[in-house]
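Okay, model37.txt now, which holds compact mmCIF, C-alpha atoms:
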```txt
# COMPACT_ATOMS: atom_id res chain seq x y z
CA MET A 1 2.82 -14.33 12.11
CA GLN A 2 5.85 -16.30 10.95
CA VAL A 3 8.52 -14.31 9.09
CA LYS A 4 10.42 -15.96 6.25
CA VAL A 5 13.26 -14.36 4.31
CA ILE A 6 13.03 -15.18 0.61
CA ASN A 7 15.14 -14.39 -2.43
CA THR A 8 13.17 -13.03 -5.34
CA GLN A 9 14.20 -13.44 -8.96
CA LYS A 10 12.67 -10.16 -10.06
CA ALA A 11 11.58 -6.90 -8.48
CA LEU A 12 9.74 -5.33 -11.42
CA SER A 13 6.66 -7.27 -12.53
CA PRO A 14 4.79 -6.21 -15.68
CA THR A 15 1.22 -5.32 -14.78
CA GLN A 16 -2.02 -4.64 -16.59
CA ILE A 17 -3.12 -2.26 -13.85
CA THR A 18 -3.88 1.07 -15.51
CA LEU A 19 -1.93 2.91 -12.80
CA ALA A 20 1.47 1.80 -14.08
CA ASP A 21 3.33 -0.50 -16.44
CA TYR A 22 5.27 -2.26 -13.67
CA ALA A 23 4.53 -3.26 -10.06
CA ILE A 24 6.84 -3.77 -7.09
CA ASN A 25 5.83 -5.74 -3.99
CA PRO A 26 8.73 -6.00 -1.51
CA TYR A 27 6.81 -8.39 0.74
CA ARG A 28 4.73 -11.51 0.17
CA GLY A 29 1.75 -11.51 2.48
CA CYS A 30 0.75 -8.84 4.97
CA GLU A 31 0.67 -8.36 8.73
CA PHE A 32 -2.59 -6.40 8.62
CA GLY A 33 -4.63 -9.54 7.95
CA CYS A 34 -7.65 -8.01 6.18
CA LEU A 35 -10.35 -10.67 5.91
CA TYR A 36 -11.55 -9.48 2.51
CA CYS A 37 -8.10 -9.34 0.86
CA TYR A 38 -8.23 -10.80 -2.66
CA VAL A 39 -4.53 -11.74 -2.51
CA GLN A 40 -5.35 -14.59 -0.12
CA GLY A 41 -6.93 -16.34 -3.09
CA ASN A 42 -3.66 -16.38 -5.04
CA LYS A 43 -2.11 -19.83 -5.40
CA ASN A 44 1.08 -18.76 -3.59
CA MET A 45 -0.88 -17.52 -0.58
CA ARG A 46 -3.67 -20.02 0.00
CA GLU A 47 -1.63 -22.23 2.33
CA ASN A 48 0.68 -19.49 3.60
CA THR A 49 -1.65 -16.84 5.00
CA ASP A 50 0.26 -16.85 8.31
CA ILE A 51 3.67 -16.37 6.68
CA LEU A 52 5.15 -12.98 5.84
CA GLY A 53 7.76 -13.26 3.11
CA ILE A 54 10.57 -10.72 3.22
CA LYS A 55 12.07 -10.23 -0.25
CA LEU A 56 15.41 -9.24 1.20
CA ASN A 57 17.24 -9.00 -2.12
CA ALA A 58 14.51 -6.99 -3.89
CA PRO A 59 16.41 -3.66 -3.82
CA CYS A 60 19.55 -5.30 -5.26
CA ILE A 61 17.53 -7.01 -7.98
CA LEU A 62 15.78 -3.73 -8.79
CA GLU A 63 19.09 -1.92 -9.11
CA LYS A 64 20.21 -4.49 -11.69
CA GLU A 65 16.89 -4.41 -13.57
CA LEU A 66 16.99 -0.65 -13.92
CA ARG A 67 20.13 -0.99 -16.02
CA TYR A 68 18.06 -2.37 -18.89
CA LYS A 69 14.44 -1.55 -18.02
CA ALA A 70 12.91 1.93 -18.10
CA PRO A 71 9.46 1.90 -16.47
CA LYS A 72 7.24 4.87 -17.26
CA ARG A 73 5.63 4.49 -13.83
CA VAL A 74 5.70 1.90 -11.06
CA VAL A 75 2.90 0.96 -8.68
CA LEU A 76 3.91 -0.19 -5.20
CA GLY A 77 1.68 -2.33 -3.03
CA SER A 78 -0.59 -4.05 -5.55
CA THR A 79 -0.45 -7.37 -3.65
CA THR A 80 0.97 -6.38 -0.27
CA GLU A 81 1.25 -3.46 2.12
CA CYS A 82 4.60 -1.77 1.53
CA PHE A 83 4.41 0.07 4.86
CA GLN A 84 3.51 -2.75 7.21
CA TYR A 85 5.20 -3.00 10.58
CA LYS A 86 8.17 -5.13 9.48
CA GLU A 87 9.13 -2.37 7.05
CA LEU A 88 10.45 -0.42 10.05
CA GLU A 89 12.89 -3.27 10.61
CA TYR A 90 13.88 -4.23 7.06
CA ARG A 91 13.45 -0.90 5.22
CA LEU A 92 12.96 -2.60 1.85
CA THR A 93 10.40 -0.06 0.66
CA GLU A 94 12.67 2.81 1.65
CA LYS A 95 15.56 1.38 -0.38
CA ILE A 96 13.28 0.83 -3.37
CA LEU A 97 11.92 4.39 -3.23
CA ARG A 98 15.43 5.79 -3.13
CA LEU A 99 16.40 3.77 -6.19
CA LEU A 100 13.33 4.89 -8.13
CA ASN A 101 13.97 8.51 -7.15
CA SER A 102 17.59 8.28 -8.27
CA HIS A 103 16.39 7.14 -11.72
CA ALA A 104 13.60 9.77 -11.82
CA ILE A 105 10.98 7.01 -12.20
CA PRO A 106 7.60 8.16 -10.85
CA TYR A 107 5.53 5.81 -8.74
CA THR A 108 2.07 5.41 -7.29
CA ILE A 109 1.79 3.96 -3.79
CA LEU A 110 -1.25 1.98 -2.62
CA THR A 111 -1.44 1.99 1.19
CA LYS A 112 -3.59 2.22 4.28
CA SER A 113 -0.67 2.57 6.67
CA HIS A 114 0.21 5.53 8.86
CA ILE A 115 3.85 4.43 8.69
CA ILE A 116 4.08 6.14 5.30
CA ALA A 117 4.21 9.49 7.12
CA GLU A 118 7.87 8.84 7.96
CA TYR A 119 8.65 8.48 4.25
CA LEU A 120 6.90 11.57 2.92
CA PRO A 121 10.01 13.77 2.47
CA LEU A 122 11.47 10.97 0.34
CA ILE A 123 8.28 10.53 -1.68
CA ALA A 124 7.95 14.28 -2.21
CA GLU A 125 11.29 14.42 -4.02
CA ASN A 126 9.54 13.60 -7.31
CA LYS A 127 6.48 15.78 -7.95
CA LYS A 128 4.99 13.08 -10.18
CA ASN A 129 4.70 10.58 -7.34
CA LYS A 130 1.19 9.79 -6.09
CA ILE A 131 -0.39 8.16 -3.06
CA TYR A 132 -3.69 6.27 -3.03
CA PHE A 133 -4.66 6.02 0.63
CA THR A 134 -7.37 3.62 1.79
CA LEU A 135 -10.05 4.81 4.19
CA ASN A 136 -12.89 2.32 3.90
CA PHE A 137 -14.43 2.24 7.38
CA HIS A 138 -15.74 5.04 9.57
CA CYS A 139 -15.00 3.53 13.00
CA ASP A 140 -12.30 1.51 14.73
CA GLU A 141 -14.71 -1.29 15.70
CA PHE A 142 -15.12 -2.34 12.06
CA ILE A 143 -11.39 -2.01 11.39
CA LYS A 144 -10.64 -4.36 14.29
CA LEU A 145 -13.29 -6.77 13.05
CA PHE A 146 -12.33 -6.90 9.37
CA GLU A 147 -8.69 -5.81 9.28
CA LYS A 148 -7.23 -7.19 12.53
CA LYS A 149 -3.90 -5.32 12.84
CA SER A 150 -4.55 -2.51 10.39
CA PRO A 151 -4.01 1.14 11.49
CA LEU A 152 -6.95 2.78 13.22
CA ILE A 153 -8.95 5.82 12.07
CA LYS A 154 -6.96 8.47 13.95
CA GLN A 155 -3.66 7.08 12.68
CA ARG A 156 -4.90 7.16 9.09
CA LEU A 157 -6.32 10.66 9.34
CA LEU A 158 -3.04 11.99 10.73
CA ALA A 159 -1.17 10.34 7.86
CA ILE A 160 -3.57 11.87 5.33
CA GLU A 161 -3.03 15.29 6.90
CA GLU A 162 0.75 14.90 6.60
CA ILE A 163 0.49 13.83 2.97
CA LYS A 164 -1.44 17.00 2.18
CA LYS A 165 1.17 19.10 4.02
CA HIS A 166 3.86 17.66 1.78
CA GLU A 167 1.74 18.53 -1.29
CA ILE A 168 1.92 14.99 -2.66
CA PRO A 169 -0.94 14.16 -5.09
CA LEU A 170 -3.42 12.14 -3.03
CA ARG A 171 -6.45 10.03 -3.78
CA ILE A 172 -8.65 8.65 -1.01
CA HIS A 173 -9.58 5.08 -1.85
CA ILE A 174 -12.85 3.98 -0.23
CA GLY A 175 -12.53 0.31 -0.97
CA PRO A 176 -13.64 -2.21 -0.60
CA PHE A 177 -16.80 -0.37 0.36
CA ILE A 178 -19.06 -2.90 2.08
CA PRO A 179 -22.75 -1.89 1.90
CA TYR A 180 -24.72 -2.01 5.17
CA ILE A 181 -21.45 -2.06 7.14
CA SER A 182 -19.41 0.86 5.85
CA SER A 183 -21.06 4.28 5.97
CA LEU A 184 -20.10 6.37 2.97
CA HIS A 185 -21.58 9.48 4.58
CA ASP A 186 -19.54 9.03 7.77
CA ILE A 187 -16.33 8.29 5.86
CA ILE A 188 -16.69 11.46 3.82
CA GLU A 189 -17.44 13.39 6.99
CA LEU A 190 -14.05 12.31 8.37
CA ILE A 191 -12.28 14.10 5.50
CA SER A 192 -14.77 16.89 4.85
CA ASP A 193 -12.42 19.64 6.02
CA THR A 194 -10.58 19.69 2.71
CA THR A 195 -10.89 18.60 -0.90
CA TYR A 196 -9.67 15.21 -2.07
CA GLU A 197 -9.81 13.09 -5.15
CA ILE A 198 -11.92 10.12 -4.09
CA ASN A 199 -12.71 6.78 -5.69
CA ILE A 200 -15.09 4.12 -4.39
CA GLU A 201 -14.67 0.39 -4.99
CA ILE A 202 -17.63 -1.82 -4.09
CA TYR A 203 -16.83 -5.12 -2.40
CA HIS A 204 -17.30 -8.15 -4.65
CA LEU A 205 -17.67 -11.52 -2.99
CA SER A 206 -15.58 -14.24 -4.62
CA LEU A 207 -17.66 -17.38 -5.04
```
In structure tokens, what does this structure look like?
Amino acid sequence: MQVKVINTQKALSPTQITLADYAINPYRGCEFGCLYCYVQGNKNMRENTDILGIKLNAPCILEKELRYKAPKRVVLGSTTECFQYKELEYRLTEKILRLLNSHAIPYTILTKSHIIAEYLPLIAENKKNKIYFTLNFHCDEFIKLFEKKSPLIKQRLLAIEEIKKHEIPLRIHIGPFIPYISSLHDIIELISDTTYEINIEIYHLSL
């Protein structure tokens, strides 16, 4: 995947997602390459699916925006994976989380990445922060088929276990759930040793 550094004009984007009033996406595109990803249909992505945009100035822009904007809650990862592999190199998400923490702005993170485990002490600093963690397949074979470079089952389960240890509010997101391929019973069995808040999102084919 080609990496391209880009300068963004804004970090906080108003959103109609019920989870928050603003969204932050520090990257454009995603290394995981999920075949079903709805973002690939966006006009900015249709011809650039093999390009990962690094919004290198996003933390600086956010710092300026927070001087005159006061989000009630921010959602991270609505159109990208904030904890993809390049995050370990650029640390954009880490810088953004630190800024939000310093302003006591709660956030909800959407992720399927085990890399988030490294960030849990930071996320746990604000008790209002939440994590929605995706677990939508019950075996690695389907992950490799539909999500290419996405973290495998064991990696995700270990991350989920660490999130619970840090007592961060957690929701397991089973989505998109693909009937006749995903097994809801087997997915629930993977996390049956404890109690979680779970939501299920059925896959909708875009025609």
Subject >> Atom pair atom CA of A:Leu205 / atom CA of A:Tyr38: separation (Å) >> reply: 9.5 Å
Subject >> Residue neighbourhood stretch 49-54 of chain A, 8 Å, all atoms listed in the file, exclusion window fewer than 4 positions, as a list in words >> reply: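 In the requested format, the answer is Met1, Gln2, Val3, Lys4, Val5, Ile6, Pro26, Tyr27, Arg28, Gly29, Cys30, Glu31, Gln40 and Met45 of chain A.
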List every protein, DNA or RNA residue with an atom no more than 10 Å from (1.6, 12.0, -2.5) in the file's coordinates, counting all atoms listed in the file, and format the result as a short mmCIF file (atom, residue, chain, number, x, y, z; two decimals) with C-alpha atoms, in the coordinates of the input.
```
data_model
loop_
_atom_site.label_atom_id
_atom_site.label_comp_id
_atom_site.auth_asym_id
_atom_site.auth_seq_id
_atom_site.Cartn_x
_atom_site.Cartn_y
_atom_site.Cartn_z
CA TYR A 107 5.53 5.81 -8.74
CA THR A 108 2.07 5.41 -7.29
CA ILE A 109 1.79 3.96 -3.79
CA LEU A 120 6.90 11.57 2.92
CA PRO A 121 10.01 13.77 2.47
CA ILE A 123 8.28 10.53 -1.68
CA ALA A 124 7.95 14.28 -2.21
CA ASN A 126 9.54 13.60 -7.31
CA LYS A 127 6.48 15.78 -7.95
CA LYS A 128 4.99 13.08 -10.18
CA ASN A 129 4.70 10.58 -7.34
CA LYS A 130 1.19 9.79 -6.09
CA ILE A 131 -0.39 8.16 -3.06
CA TYR A 132 -3.69 6.27 -3.03
CA PHE A 133 -4.66 6.02 0.63
CA ILE A 160 -3.57 11.87 5.33
CA GLU A 162 0.75 14.90 6.60
CA ILE A 163 0.49 13.83 2.97
CA LYS A 164 -1.44 17.00 2.18
CA LYS A 165 1.17 19.10 4.02
CA HIS A 166 3.86 17.66 1.78
CA GLU A 167 1.74 18.53 -1.29
CA ILE A 168 1.92 14.99 -2.66
CA PRO A 169 -0.94 14.16 -5.09
CA LEU A 170 -3.42 12.14 -3.03
CA ARG A 171 -6.45 10.03 -3.78
#
```
**OP:** Would you mind telling me which residue in A:Tyr85, A:Phe137, A:Leu100, A:Leu110 lies nearest to A:Glu125 when using all atoms listed in the file?
**Re:**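 The closest residue to A:Glu125 is A:Leu100.
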Subject >> Contacts of A:Thr8 at 9 Å (only C-alpha atoms; same-chain gap of 4+ positions) as a list in words >> reply: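 Listing them by chain and then by number gives Lys55, Leu56, Asn57, Ala58 and Ile61 of chain A.
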Subject >> Length of the atom CA of A:His173 to atom CA of A:Cys34 vector [Å] >> reply: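 Result for atom CA of A:His173 versus atom CA of A:Cys34: 15.5 Å, one decimal.
In this structure, atom CA of A:Pro179 sits 24.2 Å away from atom CA of A:Asp193.
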Original post:
What lies within 6 Å of A:Ile187 using only C-alpha atoms, ignoring chain neighbours under 3 positions off, as a ChimeraX atom specification?
Top reply: /A:138,184,190
Mind writing the picked residues with C-alpha atoms as an mmCIF file, keeping the file's coordinate frame?
```
data_model
loop_
_atom_site.group_PDB
_atom_site.id
_atom_site.type_symbol
_atom_site.label_atom_id
_atom_site.label_comp_id
_atom_site.auth_asym_id
_atom_site.auth_seq_id
_atom_site.Cartn_x
_atom_site.Cartn_y
_atom_site.Cartn_z
ATOM 1 C CA HIS A 138 -15.740 5.040 9.570
ATOM 2 C CA LEU A 184 -20.100 6.370 2.970
ATOM 3 C CA LEU A 190 -14.050 12.310 8.370
#
```
